[in-house]
file target05.cif (mmCIF, C-alpha atoms)
data_structure
#
loop_
_atom_site.group_PDB
_atom_site.id
_atom_site.type_symbol
_atom_site.label_atom_id
_atom_site.label_comp_id
_atom_site.auth_asym_id
_atom_site.auth_seq_id
_atom_site.Cartn_x
_atom_site.Cartn_y
_atom_site.Cartn_z
ATOM 1 C CA MET A 1 4.378 33.036 10.277
ATOM 2 C CA ASP A 2 2.113 30.226 9.005
ATOM 3 C CA LYS A 3 3.079 26.929 10.583
ATOM 4 C CA LYS A 4 3.360 23.803 8.444
ATOM 5 C CA LEU A 5 2.935 20.386 10.075
ATOM 6 C CA ILE A 6 4.831 17.354 8.774
ATOM 7 C CA SER A 7 3.339 13.995 9.805
ATOM 8 C CA VAL A 8 5.844 11.136 9.863
ATOM 9 C CA VAL A 9 3.897 7.866 9.446
ATOM 10 C CA VAL A 10 5.689 4.685 10.544
ATOM 11 C CA PRO A 11 4.061 1.216 10.257
ATOM 12 C CA CYS A 12 5.438 -1.137 12.930
ATOM 13 C CA TYR A 13 5.350 -4.904 13.296
ATOM 14 C CA ASN A 14 7.666 -6.404 15.915
ATOM 15 C CA GLU A 15 10.035 -3.423 15.844
ATOM 16 C CA GLU A 16 10.907 -3.324 19.561
ATOM 17 C CA GLU A 17 14.674 -3.540 18.950
ATOM 18 C CA VAL A 18 14.905 -0.823 16.312
ATOM 19 C CA LEU A 19 12.337 1.718 17.543
ATOM 20 C CA PRO A 20 14.705 3.545 19.957
ATOM 21 C CA LEU A 21 17.282 3.863 17.151
ATOM 22 C CA PHE A 22 14.649 5.142 14.736
ATOM 23 C CA TYR A 23 13.264 7.628 17.261
ATOM 24 C CA ASP A 24 16.714 9.080 17.984
ATOM 25 C CA GLU A 25 17.395 9.471 14.265
ATOM 26 C CA ILE A 26 14.039 11.047 13.360
ATOM 27 C CA VAL A 27 14.350 13.484 16.280
ATOM 28 C CA ARG A 28 17.828 14.466 15.101
ATOM 29 C CA VAL A 29 16.655 14.998 11.499
ATOM 30 C CA SER A 30 13.478 16.886 12.458
ATOM 31 C CA GLY A 31 15.469 19.078 14.862
ATOM 32 C CA GLY A 32 17.796 20.114 12.061
ATOM 33 C CA MET A 33 14.862 20.897 9.787
ATOM 34 C CA THR A 34 13.008 23.036 12.344
ATOM 35 C CA SER A 35 16.203 24.974 13.016
ATOM 36 C CA GLU A 36 16.588 25.730 9.315
ATOM 37 C CA HIS A 37 12.850 26.202 8.712
ATOM 38 C CA PRO A 38 11.218 27.676 11.863
ATOM 39 C CA GLU A 39 7.782 27.428 10.246
ATOM 40 C CA LEU A 40 7.893 23.613 10.347
ATOM 41 C CA GLU A 41 6.419 21.410 13.060
ATOM 42 C CA PHE A 42 6.477 17.614 13.337
ATOM 43 C CA GLU A 43 4.306 14.801 14.608
ATOM 44 C CA PHE A 44 5.487 11.189 14.682
ATOM 45 C CA LEU A 45 2.609 8.783 14.061
ATOM 46 C CA PHE A 46 3.414 5.105 14.649
ATOM 47 C CA VAL A 47 0.978 2.360 13.631
ATOM 48 C CA ASN A 48 1.382 -0.815 15.677
ATOM 49 C CA ASP A 49 0.163 -3.605 13.407
ATOM 50 C CA GLY A 50 -0.584 -6.209 16.098
ATOM 51 C CA SER A 51 3.041 -6.698 17.175
ATOM 52 C CA LYS A 52 3.840 -9.708 19.360
ATOM 53 C CA ASP A 53 6.880 -8.178 21.073
ATOM 54 C CA GLY A 54 7.306 -5.036 23.177
ATOM 55 C CA THR A 55 6.587 -2.566 20.354
ATOM 56 C CA LEU A 56 3.438 -1.201 22.005
ATOM 57 C CA LYS A 57 5.192 -0.790 25.354
ATOM 58 C CA THR A 58 7.981 1.175 23.647
ATOM 59 C CA LEU A 59 5.455 3.406 21.871
ATOM 60 C CA ARG A 60 3.710 4.124 25.166
ATOM 61 C CA GLN A 61 7.016 5.185 26.700
ATOM 62 C CA LEU A 62 7.888 7.405 23.729
ATOM 63 C CA SER A 63 4.474 9.101 23.795
ATOM 64 C CA GLU A 64 4.901 9.890 27.494
ATOM 65 C CA ARG A 65 8.361 11.320 26.824
ATOM 66 C CA ASP A 66 7.512 13.315 23.702
ATOM 67 C CA GLU A 67 4.121 14.901 23.045
ATOM 68 C CA ARG A 68 4.839 14.823 19.324
ATOM 69 C CA VAL A 69 4.676 11.017 19.393
ATOM 70 C CA ARG A 70 1.269 9.577 18.513
ATOM 71 C CA TYR A 71 0.354 5.978 17.883
ATOM 72 C CA VAL A 72 -2.493 3.805 16.673
ATOM 73 C CA SER A 73 -2.419 0.207 17.894
ATOM 74 C CA PHE A 74 -4.488 -2.412 16.052
ATOM 75 C CA SER A 75 -6.542 -5.152 17.741
ATOM 76 C CA ARG A 76 -4.551 -7.712 15.708
ATOM 77 C CA ASN A 77 -2.228 -7.921 12.723
ATOM 78 C CA PHE A 78 -4.004 -6.501 9.653
ATOM 79 C CA GLY A 79 -0.947 -6.191 7.382
ATOM 80 C CA LYS A 80 1.269 -3.367 6.207
ATOM 81 C CA GLU A 81 -1.249 -2.048 3.688
ATOM 82 C CA ALA A 82 -3.814 -1.527 6.442
ATOM 83 C CA ALA A 83 -1.139 0.090 8.628
ATOM 84 C CA LEU A 84 -0.171 2.507 5.847
ATOM 85 C CA PHE A 85 -3.807 3.424 5.249
ATOM 86 C CA ALA A 86 -4.411 3.959 8.973
ATOM 87 C CA GLY A 87 -1.347 6.195 9.155
ATOM 88 C CA LEU A 88 -2.485 8.338 6.234
ATOM 89 C CA GLU A 89 -6.033 8.468 7.604
ATOM 90 C CA ASN A 90 -4.911 9.637 11.059
ATOM 91 C CA ALA A 91 -2.121 11.985 9.938
ATOM 92 C CA GLU A 92 -2.958 15.657 10.464
ATOM 93 C CA GLY A 93 -0.039 17.230 8.617
ATOM 94 C CA ASP A 94 0.135 19.545 5.646
ATOM 95 C CA TYR A 95 2.781 17.102 4.430
ATOM 96 C CA VAL A 96 2.961 13.378 5.148
ATOM 97 C CA VAL A 97 6.059 11.180 5.172
ATOM 98 C CA THR A 98 5.744 7.377 5.076
ATOM 99 C CA LEU A 99 8.736 5.186 5.928
ATOM 100 C CA ASP A 100 9.687 1.975 7.707
ATOM 101 C CA ALA A 101 10.999 1.827 11.262
ATOM 102 C CA ASP A 102 13.956 -0.441 10.445
ATOM 103 C CA LEU A 103 16.048 2.474 9.047
ATOM 104 C CA GLN A 104 16.231 0.861 5.610
ATOM 105 C CA HIS A 105 14.531 4.132 4.633
ATOM 106 C CA PRO A 106 17.104 6.705 5.859
ATOM 107 C CA PRO A 107 15.378 9.644 7.619
ATOM 108 C CA ARG A 108 18.343 11.842 6.624
ATOM 109 C CA LEU A 109 16.746 12.097 3.158
ATOM 110 C CA ILE A 110 13.626 13.849 4.487
ATOM 111 C CA PRO A 111 15.119 17.398 4.253
ATOM 112 C CA GLN A 112 15.993 16.774 0.593
ATOM 113 C CA MET A 113 12.478 15.456 -0.032
ATOM 114 C CA TYR A 114 10.974 18.517 1.634
ATOM 115 C CA ASP A 115 13.012 20.821 -0.607
ATOM 116 C CA TYR A 116 11.676 19.097 -3.735
ATOM 117 C CA VAL A 117 8.025 19.164 -2.632
ATOM 118 C CA SER A 118 7.977 22.603 -0.997
ATOM 119 C CA SER A 119 9.333 24.115 -4.212
ATOM 120 C CA GLY A 120 5.911 23.495 -5.767
ATOM 121 C CA GLU A 121 7.389 21.599 -8.713
ATOM 122 C CA TYR A 122 6.571 18.202 -7.224
ATOM 123 C CA ASP A 123 3.685 16.764 -5.217
ATOM 124 C CA CYS A 124 5.722 13.838 -3.965
ATOM 125 C CA ALA A 125 9.342 12.829 -3.437
ATOM 126 C CA ALA A 126 10.086 9.106 -3.202
ATOM 127 C CA THR A 127 13.101 6.841 -3.052
ATOM 128 C CA ARG A 128 13.908 4.307 -5.742
ATOM 129 C CA ARG A 129 16.258 1.449 -4.995
ATOM 130 C CA ILE A 130 18.888 1.061 -7.729
ATOM 131 C CA SER A 131 20.641 -1.974 -6.256
ATOM 132 C CA ARG A 132 19.574 -5.088 -4.389
ATOM 133 C CA LYS A 133 22.826 -5.614 -2.532
ATOM 134 C CA GLY A 134 22.370 -7.984 0.388
ATOM 135 C CA GLU A 135 19.119 -9.429 -0.988
ATOM 136 C CA PRO A 136 18.944 -13.157 -1.943
ATOM 137 C CA ALA A 137 19.590 -13.629 -5.658
ATOM 138 C CA LEU A 138 16.386 -15.634 -6.203
ATOM 139 C CA LEU A 139 14.273 -12.948 -4.547
ATOM 140 C CA SER A 140 15.925 -10.231 -6.653
ATOM 141 C CA PHE A 141 15.236 -12.189 -9.845
ATOM 142 C CA PHE A 142 11.541 -12.637 -9.082
ATOM 143 C CA SER A 143 11.214 -8.985 -8.011
ATOM 144 C CA ARG A 144 12.590 -7.797 -11.359
ATOM 145 C CA MET A 145 10.307 -10.229 -13.214
ATOM 146 C CA PHE A 146 7.282 -8.942 -11.289
ATOM 147 C CA TYR A 147 7.902 -5.342 -12.365
ATOM 148 C CA LYS A 148 8.418 -6.408 -15.988
ATOM 149 C CA ILE A 149 5.212 -8.431 -16.024
ATOM 150 C CA ILE A 150 2.939 -5.941 -14.272
ATOM 151 C CA ASN A 151 4.153 -3.038 -16.408
ATOM 152 C CA LYS A 152 3.339 -5.021 -19.561
ATOM 153 C CA ILE A 153 -0.165 -6.060 -18.514
ATOM 154 C CA SER A 154 -1.261 -2.976 -16.561
ATOM 155 C CA GLN A 155 -2.081 0.543 -17.704
ATOM 156 C CA THR A 156 -0.622 1.832 -14.430
ATOM 157 C CA GLN A 157 3.149 2.020 -14.653
ATOM 158 C CA ILE A 158 4.907 0.979 -11.445
ATOM 159 C CA ILE A 159 8.512 2.114 -11.099
ATOM 160 C CA ASP A 160 10.960 -0.752 -10.593
ATOM 161 C CA GLY A 161 12.572 -0.369 -7.183
ATOM 162 C CA ALA A 162 10.146 2.313 -5.973
ATOM 163 C CA GLN A 163 9.787 2.205 -2.193
ATOM 164 C CA ASP A 164 7.115 3.212 0.311
ATOM 165 C CA PHE A 165 9.447 5.955 1.570
ATOM 166 C CA ARG A 166 7.534 9.007 0.356
ATOM 167 C CA PHE A 167 7.075 12.675 1.176
ATOM 168 C CA MET A 168 3.637 13.797 -0.038
ATOM 169 C CA THR A 169 1.450 16.879 -0.086
ATOM 170 C CA ARG A 170 -1.909 16.847 1.679
ATOM 171 C CA GLN A 171 -3.622 16.951 -1.724
ATOM 172 C CA MET A 172 -1.956 13.703 -2.816
ATOM 173 C CA VAL A 173 -2.691 12.019 0.524
ATOM 174 C CA ASP A 174 -6.376 12.945 0.246
ATOM 175 C CA ALA A 175 -6.439 11.474 -3.276
ATOM 176 C CA ILE A 176 -5.020 8.187 -1.946
ATOM 177 C CA LEU A 177 -7.556 8.101 0.887
ATOM 178 C CA ALA A 178 -10.339 8.612 -1.664
ATOM 179 C CA MET A 179 -9.573 5.098 -2.986
ATOM 180 C CA PRO A 180 -11.482 2.978 -0.453
ATOM 181 C CA GLU A 181 -10.789 -0.575 -1.666
ATOM 182 C CA CYS A 182 -9.985 -3.195 0.958
ATOM 183 C CA ASN A 183 -7.493 -5.119 -1.175
ATOM 184 C CA ARG A 184 -4.826 -2.450 -1.406
ATOM 185 C CA PHE A 185 -1.539 -2.363 -3.294
ATOM 186 C CA SER A 186 0.035 0.953 -2.356
ATOM 187 C CA LYS A 187 2.791 0.898 -4.984
ATOM 188 C CA GLY A 188 0.107 0.804 -7.662
ATOM 189 C CA ILE A 189 -2.125 3.333 -5.888
ATOM 190 C CA PHE A 190 0.744 5.841 -5.607
ATOM 191 C CA SER A 191 1.197 5.607 -9.376
ATOM 192 C CA TRP A 192 -2.507 5.523 -10.248
ATOM 193 C CA VAL A 193 -3.381 8.802 -8.498
ATOM 194 C CA GLY A 194 -0.770 10.576 -10.603
ATOM 195 C CA PHE A 195 0.765 13.827 -9.341
ATOM 196 C CA GLU A 196 4.335 14.865 -10.064
ATOM 197 C CA THR A 197 6.849 12.639 -8.303
ATOM 198 C CA LYS A 198 10.589 13.125 -7.917
ATOM 199 C CA TYR A 199 12.463 9.836 -7.503
ATOM 200 C CA ILE A 200 15.665 9.845 -5.459
ATOM 201 C CA GLU A 201 17.976 6.934 -6.285
ATOM 202 C CA VAL A 202 19.346 5.079 -3.258
ATOM 203 C CA GLU A 203 21.399 1.974 -2.549
ATOM 204 C CA ASN A 204 19.855 -0.944 -0.697
ATOM 205 C CA THR A 205 20.288 -0.579 3.076
ATOM 206 C CA GLU A 206 20.300 -3.380 5.640
ATOM 207 C CA ARG A 207 18.052 -3.311 8.709
ATOM 208 C CA ALA A 208 19.540 -1.479 11.678
ATOM 209 C CA ALA A 209 18.243 -4.131 14.108
ATOM 210 C CA GLY A 210 15.722 -6.941 14.383
ATOM 211 C CA LYS A 211 14.611 -9.405 11.718
ATOM 212 C CA THR A 212 12.441 -8.884 8.670
ATOM 213 C CA THR A 213 8.989 -10.481 8.718
ATOM 214 C CA TRP A 214 8.819 -10.658 4.919
ATOM 215 C CA SER A 215 9.286 -14.077 3.331
ATOM 216 C CA PHE A 216 9.327 -15.241 -0.275
ATOM 217 C CA TRP A 217 5.782 -16.581 0.106
ATOM 218 C CA LYS A 218 4.474 -13.307 1.567
ATOM 219 C CA LEU A 219 6.099 -11.317 -1.243
ATOM 220 C CA PHE A 220 4.652 -13.728 -3.817
ATOM 221 C CA LYS A 221 1.128 -13.248 -2.430
ATOM 222 C CA TYR A 222 1.695 -9.497 -2.338
ATOM 223 C CA SER A 223 2.725 -9.530 -6.011
ATOM 224 C CA LEU A 224 -0.486 -11.379 -6.888
ATOM 225 C CA GLU A 225 -2.428 -8.671 -5.052
ATOM 226 C CA GLY A 226 -0.731 -6.081 -7.223
ATOM 227 C CA ILE A 227 -1.461 -7.887 -10.475
ATOM 228 C CA MET A 228 -5.132 -8.460 -9.648
ATOM 229 C CA ALA A 229 -5.572 -4.913 -8.334
ATOM 230 C CA PHE A 230 -4.273 -3.212 -11.474
ATOM 231 C CA SER A 231 -4.771 -5.637 -14.357
ATOM 232 C CA THR A 232 -7.484 -7.852 -15.832
ATOM 233 C CA ALA A 233 -4.991 -9.548 -18.159
ATOM 234 C CA PRO A 234 -5.122 -12.888 -16.279
ATOM 235 C CA MET A 235 -8.834 -13.113 -17.128
ATOM 236 C CA ALA A 236 -7.993 -12.569 -20.806
ATOM 237 C CA LEU A 237 -5.361 -15.284 -20.433
ATOM 238 C CA SER A 238 -8.131 -17.756 -19.596
ATOM 239 C CA LEU A 239 -9.881 -16.878 -22.867
ATOM 240 C CA LEU A 240 -6.636 -17.284 -24.819
ATOM 241 C CA PHE A 241 -6.028 -20.712 -23.291
ATOM 242 C CA GLY A 242 -9.575 -21.697 -24.204
ATOM 243 C CA ILE A 243 -9.033 -20.756 -27.864
ATOM 244 C CA LEU A 244 -5.694 -22.591 -28.022
ATOM 245 C CA LEU A 245 -7.196 -25.647 -26.355
ATOM 246 C CA LEU A 246 -10.083 -25.700 -28.838
ATOM 247 C CA ALA A 247 -7.609 -25.620 -31.730
ATOM 248 C CA ALA A 248 -5.532 -28.409 -30.163
ATOM 249 C CA ALA A 249 -8.650 -30.486 -29.558
ATOM 250 C CA LEU A 250 -9.644 -30.232 -33.225
ATOM 251 C CA VAL A 251 -6.199 -31.376 -34.328
ATOM 252 C CA LEU A 252 -6.219 -34.292 -31.861
ATOM 253 C CA LEU A 253 -9.712 -35.252 -33.019
ATOM 254 C CA ILE A 254 -8.525 -35.539 -36.626
ATOM 255 C CA VAL A 255 -5.433 -37.548 -35.604
ATOM 256 C CA THR A 256 -7.535 -39.848 -33.405
ATOM 257 C CA VAL A 257 -10.050 -40.580 -36.184
ATOM 258 C CA VAL A 258 -7.242 -41.407 -38.627
ATOM 259 C CA LYS A 259 -5.489 -43.786 -36.198
ATOM 260 C CA ALA A 260 -8.586 -45.268 -34.607
ATOM 261 C CA CYS A 261 -8.718 -48.309 -36.887
ATOM 262 C CA THR A 262 -5.074 -49.310 -36.616
ATOM 263 C CA ASP A 263 -3.663 -48.035 -33.311
ATOM 264 C CA THR A 264 -5.943 -48.550 -30.319
ATOM 265 C CA VAL A 265 -3.227 -47.940 -27.731
ATOM 266 C CA GLY A 266 -2.224 -44.719 -29.472
ATOM 267 C CA THR A 267 -5.828 -43.597 -29.489
ATOM 268 C CA LEU A 268 -6.214 -44.235 -25.756
ATOM 269 C CA LEU A 269 -2.999 -42.353 -25.091
ATOM 270 C CA ALA A 270 -4.176 -39.380 -27.120
ATOM 271 C CA VAL A 271 -7.509 -39.322 -25.311
ATOM 272 C CA SER A 272 -5.769 -39.569 -21.922
ATOM 273 C CA LEU A 273 -3.460 -36.702 -22.775
ATOM 274 C CA LEU A 274 -6.382 -34.620 -23.997
ATOM 275 C CA ILE A 275 -8.372 -35.240 -20.802
ATOM 276 C CA THR A 276 -5.363 -34.331 -18.668
ATOM 277 C CA LEU A 277 -4.724 -31.183 -20.685
ATOM 278 C CA VAL A 278 -8.364 -30.106 -20.540
ATOM 279 C CA GLY A 279 -8.634 -30.817 -16.816
ATOM 280 C CA GLY A 280 -5.436 -28.958 -16.001
ATOM 281 C CA LEU A 281 -6.381 -25.886 -18.014
ATOM 282 C CA GLN A 282 -9.884 -25.845 -16.555
ATOM 283 C CA LEU A 283 -8.471 -25.849 -13.038
ATOM 284 C CA PHE A 284 -5.943 -23.147 -13.951
ATOM 285 C CA CYS A 285 -8.522 -20.856 -15.567
ATOM 286 C CA GLY A 286 -11.054 -21.578 -12.849
ATOM 287 C CA GLY A 287 -8.428 -20.658 -10.270
ATOM 288 C CA ILE A 288 -7.818 -17.282 -11.929
ATOM 289 C CA THR A 289 -11.546 -16.553 -12.046
ATOM 290 C CA GLY A 290 -11.916 -17.679 -8.442
ATOM 291 C CA MET A 291 -9.201 -15.309 -7.251
ATOM 292 C CA TYR A 292 -10.907 -12.328 -8.881
ATOM 293 C CA LEU A 293 -14.269 -13.422 -7.474
ATOM 294 C CA SER A 294 -12.761 -13.722 -3.998
ATOM 295 C CA LYS A 295 -11.560 -10.118 -4.224
ATOM 296 C CA ILE A 296 -15.039 -8.994 -5.287
ATOM 297 C CA TYR A 297 -16.491 -10.962 -2.355
ATOM 298 C CA LEU A 298 -14.179 -9.232 0.130
ATOM 299 C CA GLU A 299 -14.939 -5.789 -1.310
ATOM 300 C CA ILE A 300 -18.705 -6.352 -1.191
ATOM 301 C CA LYS A 301 -18.565 -7.289 2.503
ATOM 302 C CA ASN A 302 -16.989 -3.877 3.101
ATOM 303 C CA ARG A 303 -15.340 -4.848 6.377
ATOM 304 C CA PRO A 304 -13.169 -2.176 8.042
ATOM 305 C CA LYS A 305 -9.553 -2.196 6.909
ATOM 306 C CA TYR A 306 -8.387 -2.229 10.519
ATOM 307 C CA LEU A 307 -9.676 -2.100 14.091
ATOM 308 C CA VAL A 308 -8.052 0.118 16.728
ATOM 309 C CA ARG A 309 -7.451 -1.216 20.238
ATOM 310 C CA GLU A 310 -5.511 1.715 21.649
ATOM 311 C CA THR A 311 -4.125 5.148 20.851
ATOM 312 C CA GLU A 312 -1.864 7.457 22.857
ATOM 313 C CA LYS A 313 -4.965 9.445 23.892
ATOM 314 C CA THR A 314 -6.909 6.455 25.233
ATOM 315 C CA TYR A 315 -3.791 5.193 27.021
ATOM 316 C CA LYS A 316 -3.186 8.531 28.745
ATOM 317 C CA ASN A 317 -6.873 8.811 29.692
ATOM 318 C CA LYS A 318 -6.655 5.447 31.437
ATOM 319 C CA GLY A 319 -3.796 6.757 33.546
ATOM 320 C CA ASP A 320 -5.732 9.904 34.557
#

call {"tool": "encode", "arguments": {"input": "target05.cif", "output": "structure tokens"}}
result
Amino acid sequence: MDKKLISVVVPCYNEEEVLPLFYDEIVRVSGGMTSEHPELEFEFLFVNDGSKDGTLKTLRQLSERDERVRYVSFSRNFGKEAALFAGLENAEGDYVVTLDADLQHPPRLIPQMYDYVSSGEYDCAATRRISRKGEPALLSFFSRMFYKIINKISQTQIIDGAQDFRFMTRQMVDAILAMPECNRFSKGIFSWVGFETKYIEVENTERAAGKTTWSFWKLFKYSLEGIMAFSTAPMALSLLFGILLLAAALVLLIVTVVKACTDTVGTLLAVSLLITLVGGLQLFCGGITGMYLSKIYLEIKNRPKYLVRETEKTYKNKGD
């Protein structure tokens, strides 16, 4: 019987409280799957993204208890995108599952995902959130607006509510790894590589324990990453503003010449408004250009996406 390995990739940042709960649940789910499908084997690959709490200590204990537990611990916090990439890069499975440790991505769905992908009809099974229950109203509003905007200005369609909880074939994982950019936006990359994906609709689930590290500002910056990674429309927006400003300047010039002889104050006001408008738009358009240039600058430097301080192998070798 040919064995099939499923790699479960779990990015972690300050997940000390929830990790034991997650481990118990993933062991329960994987045990049920291996009983039903004896050809399946599992590895649990945790990526410690520079946690400040006892996450690394917990991962060490789990790896000593269970040989299926592997981990990669970064030298500092590099962000979830780097953690996801590191997990995919170090996963050895024929299939790879990505999900969060906070149990907002229910492991109980993995058997259903496996059924979809192993049938050969799909290359990926992913969850799609159909409600935002428990999420702040303002955050929900801006999230919906982000998906509307990016799907209008980008050729890559990103599914509203799509999550990073995915069950993928090795072929799809290799395609994702073939995209080496440093400034990564996984939701867009998952869509860009194509492959047949089955979306499973789920309700929003609260964290099982601990506190989220995502804030409105972090999500806003992440949305900008997505827009710049998969659309050049903001650059075209600068050109459009330039054309509109030129037209407005011509109109103001005509009005100023007509009123110059009779209304000095009005003329000064018009000139002041024009200078303010021009200055503001120049800063706005220059800011857009600068953001794209900064991304080019980071890509050209070609720094590693992450640096590893410890793995379960190096930790065990220290003890020997």

call {"tool": "closest_residue", "arguments": {"input": "target05.cif", "among": "A:Glu92, A:Glu16, A:Glu312, A:Glu203", "to": "Thr58 in chain A", "atoms": "all atoms listed in the file"}}
result
A:Glu16

call {"tool": "resolve_selection", "arguments": {"input": "target05.cif", "expression": "the PyMOL selection byres ((chain A and resi 60) around 10)", "output": "list in words"}}
result
Thr55, Leu56, Lys57, Thr58, Leu59, Gln61, Leu62, Ser63, Glu64, Arg65, Val69, Arg70, Tyr71, Thr311, Glu312, Tyr315 and Lys316 of chain A

call {"tool": "residues_around", "arguments": {"input": "target05.cif", "residues": "range 75-89 of chain A", "least_positions_apart": "3", "cutoff": "8 Å", "atoms": "all atoms listed in the file", "output": "ChimeraX atom specification"}}
result
/A:9-12,45-51,72,96,98,173,177,184-186,305-310

call {"tool": "atom_distance", "arguments": {"input": "target05.cif", "atom1": "CA of Arg303 in chain A", "atom2": "CA of Ser73 in chain A"}}
result
18.0 Å

call {"tool": "resolve_selection", "arguments": {"input": "target05.cif", "expression": "the PyMOL selection byres ((chain A and resi 19-35) around 10)", "output": "MDAnalysis selection string"}}
result
chainID A and resid 6 8 10 12 14:18 36:44 46 55 58:59 62 69 100:103 106:111 114 208:210

call {"tool": "closest_residue", "arguments": {"input": "target05.cif", "among": "A:Asp2, A:Glu196, A:Asp53, A:Glu181", "to": "Cys124 in chain A", "atoms": "only C-alpha atoms"}}
result
A:Glu196

call {"tool": "atom_distance", "arguments": {"input": "target05.cif", "atom1": "CA of Arg129 in chain A", "atom2": "CA of Tyr95 in chain A"}}
result
22.7 Å

call {"tool": "atom_distance", "arguments": {"input": "target05.cif", "atom1": "CA of Asp164 in chain A", "atom2": "CA of Met179 in chain A"}}
result
17.1 Å

call {"tool": "closest_residue", "arguments": {"input": "target05.cif", "among": "A:Cys285, A:Ile275, A:Val193, A:Ile300", "to": "Gln171 in chain A", "atoms": "all atoms listed in the file"}}
result
A:Val193

call {"tool": "closest_residue", "arguments": {"input": "target05.cif", "among": "A:Asp66, A:Asn90, A:Phe167, A:Gly286", "to": "Asp115 in chain A", "atoms": "all atoms listed in the file"}}
result
A:Phe167
